[in-house]
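**Student:** My questions will all concern the structure given below.
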Amino acid sequence: MFANLGSTYKSTTPLITLESSGKWNIGSESGASITLPAGQIRFSADGFRVKVLETGDFKTAAAAAKLLQATSDKPLLFTTSLNGKATYQLYTGNYATEALAGQAVARVQKVAAAQLGGQKPAVTGSKRLSAGVYSSLQEAEAAQASFASAGVSSYTVLQLDGGSQGYAVWVGEASSEADLSAFKKSVEASVPGVSLSPVNSNSAALIIRQDAGLSTDTLKVAPHYTIVGSEAKAFVQGDGSGIKVVERSGRTYRGDMEISIVSGDLALVNVVPLEQYLYSVVGAEVYSSWPAEALKVQAVAARSYALQQGDRFKIANVVDTTLSQAYNGMGSENDKVSSAVDATSGEVIKSGGKIVEAVFSSNAGGQTAHPSEVWNGGGDVFSNVDSQGDTSAQAGLQTWYHVLLSTGVSGYIREDNVKELTTKTDAGLAKVTVTAQNTNVRPVPLIQSNVEPVAKINPGNEAVVLAKVPQSNDYAWVRGPFTSAQLVKTLQGKTTSTVPSSISTLEVTKRGPSGRALEVTANGQPMTVKYADTYRSALGGLPSTLFDIAGTGSYTVLGADGKTASKTGSQGAAVLSASGTGTSSSNALVVMSGDGQARAVTQGQSFMIIGQGNGHGLGLSQWGAKGMADEGYDYQAILKHYYQNVTIVKE
């Protein structure tokens with residue numbers, strides 16, 4: 001869920017906040033443990049930090065923390081008792097090195113200047129001293145209290161090492177040996193008779209503190225555990241009602257949580273039985289309202305995929321994003337989904353005696369991809385097959401009118417805002433108006449909250465109908481218009497060839513067995529990519545590579561001699577009428593193909609991309625499976641349609 005695995009996977013957070021409605025337990029493989037009441041607990045990783053300030057006033061510390069939340073120097077606010085008084089200690093970090101922490105000091109001091117009251121932020125580290133080991137938490141807390149009464153910051157520690165179970169009291173947070181030595185002398189002077197020894201740098205432990213940063217408005221306190229040691233692992237076990245992870249969109253998960261430090265960052269892994277994991281995955285990947293056979297298809301495919309991964313992510317088998325499979329915790333579970341998982345319990349897809357990496361995508365657009373269109377490779381399990389059930393994705397969706405306004409602007413209006421007129425253009429194209437003031441004309445047949453309409457139209461204003469199309473969906477979609485500048489920007493870094501400074505023509509020049517793009521050419525120059533599927537991101541995040549490209553400012557004419565010629569909207573067009581031959585000079589030129597398809601050609605060039613499908617298209621099509629289930633196919637027949645030369649067995 002959270003880990004720094006470099007190029008394999010990286011999702012990090014400085015804090016993890018867990019919540020349970022019942023009692024829970026924190027422990028280690030060595031047997032060390034703490035039992036906790038219901039509520040929230042927090043975790044962080046040990047390392048270099050900046051201690052911003054220490055104050056007896058919560059409002060001052062909270063105000064500084066609130067200012068720092070908006071910066072890259074994330075705050076951690078603790079509370080403790082020093083000299084018998086409540087004290088609030090504000091930190092930022094972690095930082096990968098002492099030098100980076102040092103650079104943060106000036107930034108932090110500038111942001112929180114008004115709250116510092118003369119205090120100077122300072123770098124802290126992981127060098128500490130042990131004041132003793134104790135057999136119980138109560139004994140450790142009593143020893144820690146003696147330091148607190150002397151004004152010395154100290155921490156009760158749960159030791160996680162197999163050879164050093166129990167509790168300890170640690171003091172100090174120095175970043176260098178020199179600072180630690182000076183601190184030791186100071187403590188020995190303040191607490192006579194104390195015996196202090198350096199903490200082994202390889203110690204695995206949880207430092208127990210009190211977190212005061214759950215809210216910057218009111219004081220809310222929760223236990224806070226800082227995990228120490230590159231080999232340390234702590235396990236959080238709930239009462240079976242689920243564990244909420246606040247930083248993961250507040251989702252609640254079955255099973256246990258494993259917390260560790262990986263590459264210097266906090267790591268969180270949800271440890272859950274496979275079948276319970278699938279309850280969430282299947283519910284997150286497809287709609288629970290789908291036929292039971294389609295849900296079973298997804299259950300077997302998801303189980304096969306998860307098992308085939310092995311230890312791909314080192315500390316975990318899979319991740320909780322679509323890099324593996326969508327996994328949203330208990331929130332995506334459903335009784336119908338759970339029944340489908342249970343009905344196929346243990347069933348996997350095999351080929352050649354091995355479990356298949358049963359990849360899938362949302363919608364294949366009518367035909368699944370061949371491996372050469374995705375990974376530049378072949379295989380016996382995957383091939384391009386018909387996927388007619390994909391059209392089920394657009395059942396019941398509204399129709400949109402592709403219209404041309406008198407201003408020369410073209411766009412889309414949803415059918416419930418349109419009123420058809422009885423008049424037509426001279427070419428026989430229908431005309432429409434709208435039913436409400438300031439009706440939006442959208443760039444594509446879809447409401448996109450983050451995209452401005454291309455125009456607004458009022459009742460009485462007429463528009464010419466170029467086409468009627470379904471609302472963009474997983475099966476059929478439209479994207480654009482993309483300007484030359486936008487395409488140049490999105491292509492940068494995605495291709496292995498040089499991107500031109502300006503794009504006047506863009507076309508698909510090679511296609512694979514299913515029709516997916518294998519090569520896209522700009523200005524006649526191939527925009528080569530490592531894998532063909534990369535064209536999705538290279539062209540601005542397209543749903544699939546099964547697409548066509550239309551330049552809005554150009555069109556192609558087939559002459560009587562069989563030769564083609566490219567024309568632009570700025571050139572106008574020769575028009576033959578009863579009064580002779582003339583040249584069109586309107587804002588937009590409407591051209592019609594031999595089969596009666598019309599489109600507007602603008603005077604400026606941009607590009608519309610019209611495609612089918614959603615995802616890489618390899619293997620199972622989820623919508624295709626739904627369509628086949630609607631027609632009465634059972635889950636095994638559906639799986640064997642999408643995966644070739646396989647058997648379905650119970651492991």
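Every chain in the structure tokens takes a letter, A first, then B, and so on in the order presented; its residues are numbered from 1, and the ligands are numbered from 1 following the presented order.
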Find the residues around Leu90 in chain A up to 7 Å (only C-alpha atoms counted), leave out those fewer than 6 positions away in its own chain, and share them as a ChimeraX atom specification.

**Tutor:** /A:51-54,61,75-78

**Student:** With N, CA, C and O atoms retained, export the selected residues as a PDB file, in the first residue's frame.

**Tutor:**
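The resulting file, selection.pdb, is shown below:
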```pdb
ATOM      1  N   LYS A  51      13.858  19.501  14.466  1.00  0.00           N
ATOM      2  CA  LYS A  51      13.041  19.869  15.625  1.00  0.00           C
ATOM      3  C   LYS A  51      12.791  21.361  15.530  1.00  0.00           C
ATOM      4  O   LYS A  51      13.702  22.176  15.660  1.00  0.00           O
ATOM      5  N   VAL A  52      11.540  21.719  15.276  1.00  0.00           N
ATOM      6  CA  VAL A  52      11.184  23.108  14.981  1.00  0.00           C
ATOM      7  C   VAL A  52      11.068  23.923  16.255  1.00  0.00           C
ATOM      8  O   VAL A  52      11.639  25.006  16.380  1.00  0.00           O
ATOM      9  N   LEU A  53      10.302  23.417  17.200  1.00  0.00           N
ATOM     10  CA  LEU A  53      10.136  24.165  18.454  1.00  0.00           C
ATOM     11  C   LEU A  53       9.623  23.244  19.544  1.00  0.00           C
ATOM     12  O   LEU A  53       9.121  22.149  19.279  1.00  0.00           O
ATOM     13  N   GLU A  54       9.750  23.720  20.777  1.00  0.00           N
ATOM     14  CA  GLU A  54       9.225  23.032  21.956  1.00  0.00           C
ATOM     15  C   GLU A  54       8.541  24.087  22.804  1.00  0.00           C
ATOM     16  O   GLU A  54       9.138  25.113  23.152  1.00  0.00           O
ATOM     17  N   ALA A  61       2.128  25.678  18.891  1.00  0.00           N
ATOM     18  CA  ALA A  61       2.672  24.551  18.138  1.00  0.00           C
ATOM     19  C   ALA A  61       1.755  24.172  16.981  1.00  0.00           C
ATOM     20  O   ALA A  61       2.218  23.886  15.867  1.00  0.00           O
ATOM     21  N   PRO A  75       4.903  18.335   8.934  1.00  0.00           N
ATOM     22  CA  PRO A  75       5.057  18.401  10.387  1.00  0.00           C
ATOM     23  C   PRO A  75       4.653  17.124  11.123  1.00  0.00           C
ATOM     24  O   PRO A  75       3.788  16.383  10.670  1.00  0.00           O
ATOM     25  N   LEU A  76       5.296  16.883  12.252  1.00  0.00           N
ATOM     26  CA  LEU A  76       4.909  15.864  13.219  1.00  0.00           C
ATOM     27  C   LEU A  76       4.859  16.559  14.572  1.00  0.00           C
ATOM     28  O   LEU A  76       5.838  17.202  14.981  1.00  0.00           O
ATOM     29  N   LEU A  77       3.754  16.444  15.266  1.00  0.00           N
ATOM     30  CA  LEU A  77       3.581  17.137  16.543  1.00  0.00           C
ATOM     31  C   LEU A  77       3.369  16.106  17.651  1.00  0.00           C
ATOM     32  O   LEU A  77       2.436  15.296  17.588  1.00  0.00           O
ATOM     33  N   PHE A  78       4.246  16.135  18.654  1.00  0.00           N
ATOM     34  CA  PHE A  78       4.150  15.217  19.788  1.00  0.00           C
ATOM     35  C   PHE A  78       3.855  15.997  21.064  1.00  0.00           C
ATOM     36  O   PHE A  78       4.116  17.199  21.153  1.00  0.00           O
TER      37      PHE A  78
END
```

**Student:** Determine, counting only C-alpha atoms, which protein, DNA and RNA residues have an atom within 6 Å of an atom of Lys74 in chain A; residues of the same chain fewer than 5 positions away are not included. Present the result as a list in words.

**Tutor:**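 So, after excluding close chain neighbours, the residues are Gln69, Thr92 and Gly93 of chain A.
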
**Student:** Let's see if you can do this: from backbone DSSP, list all helix (DSSP H, G or I) residues in range 185-352 of chain A, as a tab-separated table (two decimals) with all heavy atoms, in the first residue's frame.

**Tutor:**
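Listing of part36.tsv after writing:
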```tsv
chain	number	residue	atom	x	y	z
A	185	LYS	N	26.62	13.67	28.68
A	185	LYS	CA	27.15	14.40	29.84
A	185	LYS	C	26.08	15.27	30.48
A	185	LYS	O	26.00	15.38	31.70
A	185	LYS	CB	28.34	15.26	29.40
A	185	LYS	CG	29.57	14.44	28.98
A	185	LYS	CD	30.70	15.35	28.52
A	185	LYS	CE	31.92	14.53	28.09
A	185	LYS	NZ	33.02	15.41	27.61
A	186	SER	N	25.24	15.89	29.65
A	186	SER	CA	24.19	16.75	30.16
A	186	SER	C	23.17	15.95	30.97
A	186	SER	O	22.74	16.38	32.05
A	186	SER	CB	23.49	17.45	28.99
A	186	SER	OG	22.35	18.15	29.41
A	187	VAL	N	22.78	14.77	30.47
A	187	VAL	CA	21.79	13.94	31.17
A	187	VAL	C	22.37	13.42	32.48
A	187	VAL	O	21.70	13.41	33.52
A	187	VAL	CB	21.33	12.78	30.28
A	187	VAL	CG1	20.43	11.82	31.06
A	187	VAL	CG2	20.60	13.30	29.05
A	188	GLU	N	23.62	12.97	32.46
A	188	GLU	CA	24.24	12.44	33.67
A	188	GLU	C	24.34	13.50	34.75
A	188	GLU	O	24.25	13.20	35.96
A	188	GLU	CB	25.62	11.87	33.33
A	188	GLU	CG	25.55	10.58	32.53
A	188	GLU	CD	26.91	10.12	32.04
A	188	GLU	OE1	27.85	10.95	31.98
A	188	GLU	OE2	27.04	8.93	31.69
A	189	ALA	N	24.46	14.75	34.34
A	189	ALA	CA	24.50	15.85	35.32
A	189	ALA	C	23.11	16.13	35.87
A	189	ALA	O	22.96	16.53	37.05
A	189	ALA	CB	25.07	17.10	34.66
A	190	SER	N	22.08	15.94	35.04
A	190	SER	CA	20.70	16.24	35.46
A	190	SER	C	20.08	15.11	36.26
A	190	SER	O	19.23	15.34	37.13
A	190	SER	CB	19.82	16.51	34.23
A	190	SER	OG	20.30	17.59	33.48
A	274	LEU	N	-5.85	-14.81	0.61
A	274	LEU	CA	-6.10	-14.59	-0.81
A	274	LEU	C	-7.59	-14.46	-1.13
A	274	LEU	O	-7.99	-13.53	-1.85
A	274	LEU	CB	-5.51	-15.74	-1.63
A	274	LEU	CG	-5.81	-15.73	-3.13
A	274	LEU	CD1	-5.26	-14.48	-3.79
A	274	LEU	CD2	-5.24	-16.98	-3.80
A	275	GLU	N	-8.42	-15.35	-0.61
A	275	GLU	CA	-9.84	-15.32	-0.98
A	275	GLU	C	-10.50	-14.04	-0.46
A	275	GLU	O	-11.37	-13.46	-1.13
A	275	GLU	CB	-10.56	-16.56	-0.45
A	275	GLU	CG	-10.03	-17.88	-1.03
A	275	GLU	CD	-10.14	-17.96	-2.55
A	275	GLU	OE1	-11.24	-17.73	-3.07
A	275	GLU	OE2	-9.12	-18.25	-3.21
A	276	GLN	N	-10.09	-13.57	0.71
A	276	GLN	CA	-10.64	-12.32	1.24
A	276	GLN	C	-10.14	-11.12	0.44
A	276	GLN	O	-10.87	-10.15	0.25
A	276	GLN	CB	-10.28	-12.17	2.72
A	276	GLN	CG	-10.94	-13.20	3.61
A	276	GLN	CD	-10.62	-13.01	5.09
A	276	GLN	OE1	-10.13	-11.95	5.49
A	276	GLN	NE2	-10.86	-14.03	5.89
A	277	TYR	N	-8.91	-11.19	-0.02
A	277	TYR	CA	-8.37	-10.17	-0.92
A	277	TYR	C	-9.22	-10.09	-2.17
A	277	TYR	O	-9.56	-9.00	-2.66
A	277	TYR	CB	-6.92	-10.53	-1.24
A	277	TYR	CG	-6.32	-9.88	-2.46
A	277	TYR	CD1	-5.90	-8.55	-2.45
A	277	TYR	CD2	-6.15	-10.62	-3.64
A	277	TYR	CE1	-5.32	-7.97	-3.58
A	277	TYR	CE2	-5.57	-10.05	-4.76
A	277	TYR	CZ	-5.16	-8.72	-4.73
A	277	TYR	OH	-4.59	-8.15	-5.84
A	278	LEU	N	-9.63	-11.24	-2.70
A	278	LEU	CA	-10.44	-11.26	-3.93
A	278	LEU	C	-11.82	-10.69	-3.72
A	278	LEU	O	-12.41	-10.15	-4.66
A	278	LEU	CB	-10.53	-12.70	-4.46
A	278	LEU	CG	-9.22	-13.31	-4.96
A	278	LEU	CD1	-9.43	-14.77	-5.33
A	278	LEU	CD2	-8.68	-12.53	-6.15
A	279	TYR	N	-12.39	-10.79	-2.52
A	279	TYR	CA	-13.69	-10.16	-2.26
A	279	TYR	C	-13.64	-8.67	-2.65
A	279	TYR	O	-14.58	-8.13	-3.22
A	279	TYR	CB	-14.06	-10.25	-0.78
A	279	TYR	CG	-14.38	-11.63	-0.26
A	279	TYR	CD1	-14.35	-11.88	1.12
A	279	TYR	CD2	-14.72	-12.68	-1.11
A	279	TYR	CE1	-14.66	-13.14	1.63
A	279	TYR	CE2	-15.01	-13.94	-0.61
A	279	TYR	CZ	-14.98	-14.16	0.77
A	279	TYR	OH	-15.28	-15.40	1.28
A	280	SER	N	-12.53	-8.04	-2.32
A	280	SER	CA	-12.38	-6.61	-2.62
A	280	SER	C	-12.00	-6.38	-4.07
A	280	SER	O	-12.55	-5.50	-4.73
A	280	SER	CB	-11.32	-5.99	-1.70
A	280	SER	OG	-11.04	-4.66	-2.09
A	281	VAL	N	-11.06	-7.18	-4.59
A	281	VAL	CA	-10.56	-6.97	-5.95
A	281	VAL	C	-11.68	-7.10	-6.98
A	281	VAL	O	-11.85	-6.24	-7.85
A	281	VAL	CB	-9.42	-7.96	-6.28
A	281	VAL	CG1	-9.11	-7.95	-7.77
A	281	VAL	CG2	-8.18	-7.59	-5.50
A	282	VAL	N	-12.44	-8.17	-6.90
A	282	VAL	CA	-13.50	-8.39	-7.88
A	282	VAL	C	-14.53	-7.27	-7.80
A	282	VAL	O	-14.99	-6.75	-8.82
A	282	VAL	CB	-14.15	-9.78	-7.69
A	282	VAL	CG1	-15.31	-9.96	-8.66
A	282	VAL	CG2	-13.12	-10.88	-7.89
A	283	GLY	N	-14.86	-6.85	-6.58
A	283	GLY	CA	-15.82	-5.75	-6.41
A	283	GLY	C	-15.30	-4.42	-6.89
A	283	GLY	O	-16.07	-3.54	-7.27
A	284	ALA	N	-13.96	-4.25	-6.90
A	284	ALA	CA	-13.36	-3.00	-7.38
A	284	ALA	C	-13.18	-3.01	-8.89
A	284	ALA	O	-13.21	-1.97	-9.54
A	284	ALA	CB	-12.02	-2.77	-6.69
A	285	GLU	N	-12.97	-4.20	-9.47
A	285	GLU	CA	-12.67	-4.30	-10.90
A	285	GLU	C	-13.91	-4.30	-11.78
A	285	GLU	O	-13.86	-3.83	-12.91
A	285	GLU	CB	-11.84	-5.57	-11.16
A	285	GLU	CG	-10.39	-5.46	-10.72
A	285	GLU	CD	-9.55	-4.60	-11.66
A	285	GLU	OE1	-10.08	-4.16	-12.69
A	285	GLU	OE2	-8.37	-4.36	-11.36
A	292	ALA	N	-23.77	-13.30	-12.54
A	292	ALA	CA	-22.91	-14.09	-11.66
A	292	ALA	C	-21.76	-14.74	-12.44
A	292	ALA	O	-20.63	-14.84	-11.93
A	292	ALA	CB	-23.73	-15.16	-10.95
A	293	GLU	N	-22.02	-15.18	-13.68
A	293	GLU	CA	-20.97	-15.83	-14.44
A	293	GLU	C	-19.84	-14.85	-14.78
A	293	GLU	O	-18.67	-15.24	-14.84
A	293	GLU	CB	-21.54	-16.45	-15.72
A	293	GLU	CG	-22.51	-17.60	-15.46
A	293	GLU	CD	-21.90	-18.71	-14.61
A	293	GLU	OE1	-20.89	-19.28	-15.03
A	293	GLU	OE2	-22.46	-18.99	-13.52
A	294	ALA	N	-20.16	-13.59	-15.02
A	294	ALA	CA	-19.13	-12.58	-15.29
A	294	ALA	C	-18.30	-12.33	-14.03
A	294	ALA	O	-17.09	-12.11	-14.11
A	294	ALA	CB	-19.77	-11.29	-15.79
A	295	LEU	N	-18.96	-12.34	-12.87
A	295	LEU	CA	-18.23	-12.15	-11.61
A	295	LEU	C	-17.29	-13.33	-11.35
A	295	LEU	O	-16.17	-13.16	-10.86
A	295	LEU	CB	-19.22	-11.99	-10.46
A	295	LEU	CG	-20.20	-10.81	-10.55
A	295	LEU	CD1	-21.11	-10.78	-9.33
A	295	LEU	CD2	-19.45	-9.48	-10.68
A	296	LYS	N	-17.74	-14.53	-11.69
A	296	LYS	CA	-16.88	-15.71	-11.53
A	296	LYS	C	-15.67	-15.63	-12.46
A	296	LYS	O	-14.56	-16.02	-12.09
A	296	LYS	CB	-17.68	-16.98	-11.82
A	296	LYS	CG	-18.76	-17.30	-10.79
A	296	LYS	CD	-19.55	-18.53	-11.23
A	296	LYS	CE	-20.73	-18.80	-10.32
A	296	LYS	NZ	-21.53	-19.97	-10.79
A	297	VAL	N	-15.89	-15.15	-13.68
A	297	VAL	CA	-14.79	-14.96	-14.62
A	297	VAL	C	-13.72	-14.07	-13.99
A	297	VAL	O	-12.52	-14.39	-14.00
A	297	VAL	CB	-15.30	-14.33	-15.94
A	297	VAL	CG1	-14.13	-13.81	-16.77
A	297	VAL	CG2	-16.10	-15.32	-16.75
A	298	GLN	N	-14.15	-12.94	-13.43
A	298	GLN	CA	-13.21	-12.01	-12.84
A	298	GLN	C	-12.51	-12.62	-11.63
A	298	GLN	O	-11.31	-12.40	-11.40
A	298	GLN	CB	-13.92	-10.72	-12.44
A	298	GLN	CG	-12.99	-9.63	-11.93
A	298	GLN	CD	-12.02	-9.15	-12.99
A	298	GLN	OE1	-12.42	-8.84	-14.11
A	298	GLN	NE2	-10.74	-9.11	-12.67
A	299	ALA	N	-13.24	-13.41	-10.85
A	299	ALA	CA	-12.65	-14.03	-9.66
A	299	ALA	C	-11.52	-14.99	-10.04
A	299	ALA	O	-10.43	-14.97	-9.45
A	299	ALA	CB	-13.73	-14.77	-8.88
A	300	VAL	N	-11.75	-15.83	-11.05
A	300	VAL	CA	-10.74	-16.81	-11.46
A	300	VAL	C	-9.54	-16.09	-12.09
A	300	VAL	O	-8.38	-16.44	-11.82
A	300	VAL	CB	-11.33	-17.84	-12.42
A	300	VAL	CG1	-10.25	-18.81	-12.91
A	300	VAL	CG2	-12.46	-18.62	-11.74
A	301	ALA	N	-9.81	-15.09	-12.92
A	301	ALA	CA	-8.72	-14.35	-13.55
A	301	ALA	C	-7.89	-13.61	-12.50
A	301	ALA	O	-6.65	-13.63	-12.54
A	301	ALA	CB	-9.28	-13.37	-14.58
A	302	ALA	N	-8.55	-12.95	-11.56
A	302	ALA	CA	-7.84	-12.18	-10.53
A	302	ALA	C	-7.04	-13.09	-9.61
A	302	ALA	O	-5.92	-12.75	-9.20
A	302	ALA	CB	-8.84	-11.36	-9.72
A	303	ARG	N	-7.59	-14.25	-9.29
A	303	ARG	CA	-6.87	-15.21	-8.44
A	303	ARG	C	-5.62	-15.71	-9.16
A	303	ARG	O	-4.53	-15.78	-8.58
A	303	ARG	CB	-7.79	-16.38	-8.08
A	303	ARG	CG	-7.16	-17.38	-7.12
A	303	ARG	CD	-8.08	-18.57	-6.85
A	303	ARG	NE	-9.29	-18.16	-6.14
A	303	ARG	CZ	-10.52	-18.15	-6.67
A	303	ARG	NH1	-10.69	-18.53	-7.95
A	303	ARG	NH2	-11.55	-17.77	-5.96
A	304	SER	N	-5.77	-16.04	-10.43
A	304	SER	CA	-4.64	-16.54	-11.22
A	304	SER	C	-3.56	-15.47	-11.32
A	304	SER	O	-2.36	-15.76	-11.16
A	304	SER	CB	-5.12	-16.94	-12.62
A	304	SER	OG	-6.14	-17.92	-12.55
A	305	TYR	N	-3.98	-14.25	-11.60
A	305	TYR	CA	-3.01	-13.15	-11.74
A	305	TYR	C	-2.23	-12.96	-10.44
A	305	TYR	O	-1.00	-12.85	-10.44
A	305	TYR	CB	-3.72	-11.86	-12.12
A	305	TYR	CG	-2.78	-10.69	-12.27
A	305	TYR	CD1	-2.15	-10.42	-13.48
A	305	TYR	CD2	-2.47	-9.87	-11.18
A	305	TYR	CE1	-1.25	-9.37	-13.61
A	305	TYR	CE2	-1.58	-8.83	-11.30
A	305	TYR	CZ	-0.98	-8.58	-12.51
A	305	TYR	OH	-0.08	-7.55	-12.63
A	306	ALA	N	-2.95	-12.91	-9.31
A	306	ALA	CA	-2.29	-12.66	-8.03
A	306	ALA	C	-1.29	-13.75	-7.68
A	306	ALA	O	-0.17	-13.48	-7.23
A	306	ALA	CB	-3.35	-12.53	-6.93
A	307	LEU	N	-1.68	-15.02	-7.90
A	307	LEU	CA	-0.78	-16.13	-7.56
A	307	LEU	C	0.44	-16.16	-8.47
A	307	LEU	O	1.53	-16.54	-8.05
A	307	LEU	CB	-1.54	-17.45	-7.64
A	307	LEU	CG	-2.55	-17.70	-6.51
A	307	LEU	CD1	-3.38	-18.94	-6.81
A	307	LEU	CD2	-1.84	-17.84	-5.17
A	308	GLN	N	0.25	-15.80	-9.73
A	308	GLN	CA	1.37	-15.84	-10.67
A	308	GLN	C	2.43	-14.80	-10.35
A	308	GLN	O	3.59	-14.95	-10.74
A	308	GLN	CB	0.84	-15.64	-12.09
A	308	GLN	CG	1.78	-16.07	-13.20
A	308	GLN	CD	2.81	-14.99	-13.54
A	308	GLN	OE1	2.61	-13.81	-13.26
A	308	GLN	NE2	3.92	-15.41	-14.15
A	329	GLY	N	-10.13	-2.43	-0.35
A	329	GLY	CA	-10.54	-2.81	0.98
A	329	GLY	C	-11.99	-3.25	1.04
A	329	GLY	O	-12.63	-3.59	0.03
A	330	MET	N	-12.55	-3.20	2.25
A	330	MET	CA	-13.89	-3.73	2.47
A	330	MET	C	-14.98	-2.91	1.79
A	330	MET	O	-16.09	-3.40	1.57
A	330	MET	CB	-14.15	-3.81	3.98
A	330	MET	CG	-13.22	-4.79	4.69
A	330	MET	SD	-13.35	-4.75	6.50
A	330	MET	CE	-14.98	-5.49	6.72
A	331	GLY	N	-14.65	-1.68	1.42
A	331	GLY	CA	-15.64	-0.80	0.80
A	331	GLY	C	-16.12	-1.27	-0.55
A	331	GLY	O	-17.20	-0.88	-1.01
A	332	SER	N	-15.34	-2.10	-1.24
A	332	SER	CA	-15.76	-2.59	-2.56
A	332	SER	C	-16.30	-4.01	-2.50
A	332	SER	O	-16.54	-4.63	-3.53
A	332	SER	CB	-14.59	-2.51	-3.56
A	332	SER	OG	-13.51	-3.31	-3.14
A	335	ASP	N	-22.10	-8.87	-1.43
A	335	ASP	CA	-22.50	-10.27	-1.23
A	335	ASP	C	-22.46	-11.07	-2.52
A	335	ASP	O	-22.03	-12.23	-2.53
A	335	ASP	CB	-23.90	-10.33	-0.62
A	335	ASP	CG	-23.92	-9.88	0.84
A	335	ASP	OD1	-22.83	-9.84	1.45
A	335	ASP	OD2	-25.01	-9.59	1.36
A	336	LYS	N	-22.91	-10.47	-3.65
A	336	LYS	CA	-22.88	-11.18	-4.93
A	336	LYS	C	-21.46	-11.50	-5.35
A	336	LYS	O	-21.16	-12.58	-5.85
A	336	LYS	CB	-23.57	-10.35	-6.01
A	336	LYS	CG	-25.08	-10.43	-6.05
A	336	LYS	CD	-25.62	-9.73	-7.28
A	336	LYS	CE	-25.17	-10.41	-8.58
A	336	LYS	NZ	-25.69	-9.73	-9.78
A	337	VAL	N	-20.58	-10.53	-5.13
A	337	VAL	CA	-19.17	-10.72	-5.48
A	337	VAL	C	-18.55	-11.81	-4.61
A	337	VAL	O	-17.86	-12.71	-5.10
A	337	VAL	CB	-18.40	-9.41	-5.32
A	337	VAL	CG1	-16.91	-9.64	-5.41
A	337	VAL	CG2	-18.83	-8.40	-6.38
A	338	SER	N	-18.79	-11.75	-3.31
A	338	SER	CA	-18.23	-12.74	-2.39
A	338	SER	C	-18.72	-14.14	-2.75
A	338	SER	O	-17.96	-15.12	-2.68
A	338	SER	CB	-18.62	-12.40	-0.95
A	338	SER	OG	-18.09	-11.14	-0.58
A	339	SER	N	-19.99	-14.26	-3.16
A	339	SER	CA	-20.54	-15.56	-3.56
A	339	SER	C	-19.82	-16.10	-4.79
A	339	SER	O	-19.54	-17.30	-4.89
A	339	SER	CB	-22.04	-15.44	-3.84
A	339	SER	OG	-22.75	-15.11	-2.66
A	340	ALA	N	-19.50	-15.20	-5.74
A	340	ALA	CA	-18.79	-15.61	-6.95
A	340	ALA	C	-17.38	-16.08	-6.61
A	340	ALA	O	-16.87	-17.06	-7.18
A	340	ALA	CB	-18.75	-14.47	-7.95
A	341	VAL	N	-16.72	-15.39	-5.69
A	341	VAL	CA	-15.38	-15.79	-5.26
A	341	VAL	C	-15.45	-17.15	-4.57
A	341	VAL	O	-14.65	-18.06	-4.86
A	341	VAL	CB	-14.76	-14.73	-4.33
A	341	VAL	CG1	-13.44	-15.23	-3.75
A	341	VAL	CG2	-14.55	-13.41	-5.07
A	342	ASP	N	-16.41	-17.31	-3.67
A	342	ASP	CA	-16.55	-18.58	-2.94
A	342	ASP	C	-16.89	-19.73	-3.88
A	342	ASP	O	-16.40	-20.85	-3.71
A	342	ASP	CB	-17.64	-18.45	-1.87
A	342	ASP	CG	-17.25	-17.49	-0.75
A	342	ASP	OD1	-16.05	-17.20	-0.61
A	342	ASP	OD2	-18.16	-17.03	-0.03
A	343	ALA	N	-17.72	-19.45	-4.89
A	343	ALA	CA	-18.14	-20.51	-5.82
A	343	ALA	C	-16.99	-21.03	-6.66
A	343	ALA	O	-17.04	-22.16	-7.16
A	343	ALA	CB	-19.26	-19.99	-6.72
```

**Student:** Considering only C-alpha atoms, return as a list in words whatever protein or nucleic-acid residues lie within 8 Å of Asp474 in chain A, sequence-local ones (same chain, fewer than 5 positions apart) excluded.

**Tutor:**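 In the requested form, the answer reads Ser362, Asn363, Gly365, Ala393, Gln394, Pro543, Gln612, Gly613 and Asn614 of chain A.
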
**Student:** Give me, as a list in words, all polymer residues having an atom no more than 6 Å from Glu173 in chain A, counting only C-alpha atoms and skipping those fewer than 3 positions away in the same chain.

**Tutor:**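 Contacts, with the query itself left out: Thr124, Gly125, Ser126, Lys127 and Arg128 of chain A.
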
**Student:** For Val590 in chain A, please output as JSON, numbers by chain all residues within 7 Å (counting only C-alpha atoms; exclusion window: fewer than 6 positions along the same chain).

**Tutor:** {"A": [598, 599, 600, 601]}

**Student:** If we count only C-alpha atoms, what is near Lys431 in chain A at a cut-off of 9 Å, once residues fewer than 6 positions away on the same chain are taken out, given as a list in words?

**Tutor:**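 Everything that qualifies: Val403, Lys419, Glu420, Leu421, Thr422, Thr423, Lys424, Thr425, Glu462, Ala463, Val464 and Val465 of chain A.
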
**Student:** Which of range 417-507 of chain A end up as strand (DSSP E) when DSSP is run on this backbone - answer as an NGL selection string?

**Tutor:** :A and (418-424 or 430-434 or 439-441 or 455-457 or 463-470 or 476-482 or 506-507)

**Student:** May I have the residues within 8 Å of Ser241 in chain A as a ChimeraX atom specification, using only C-alpha atoms and disregarding those fewer than 4 positions away in the same chain?

**Tutor:** /A:20-22,254

**Student:** Can you tell me how far CA of Gln119 in chain A sits from CA of Asn83 in chain A, in Å to one decimal?

**Tutor:**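 Computed distance, CA of Gln119 in chain A to CA of Asn83 in chain A, equals 19.0 Å.
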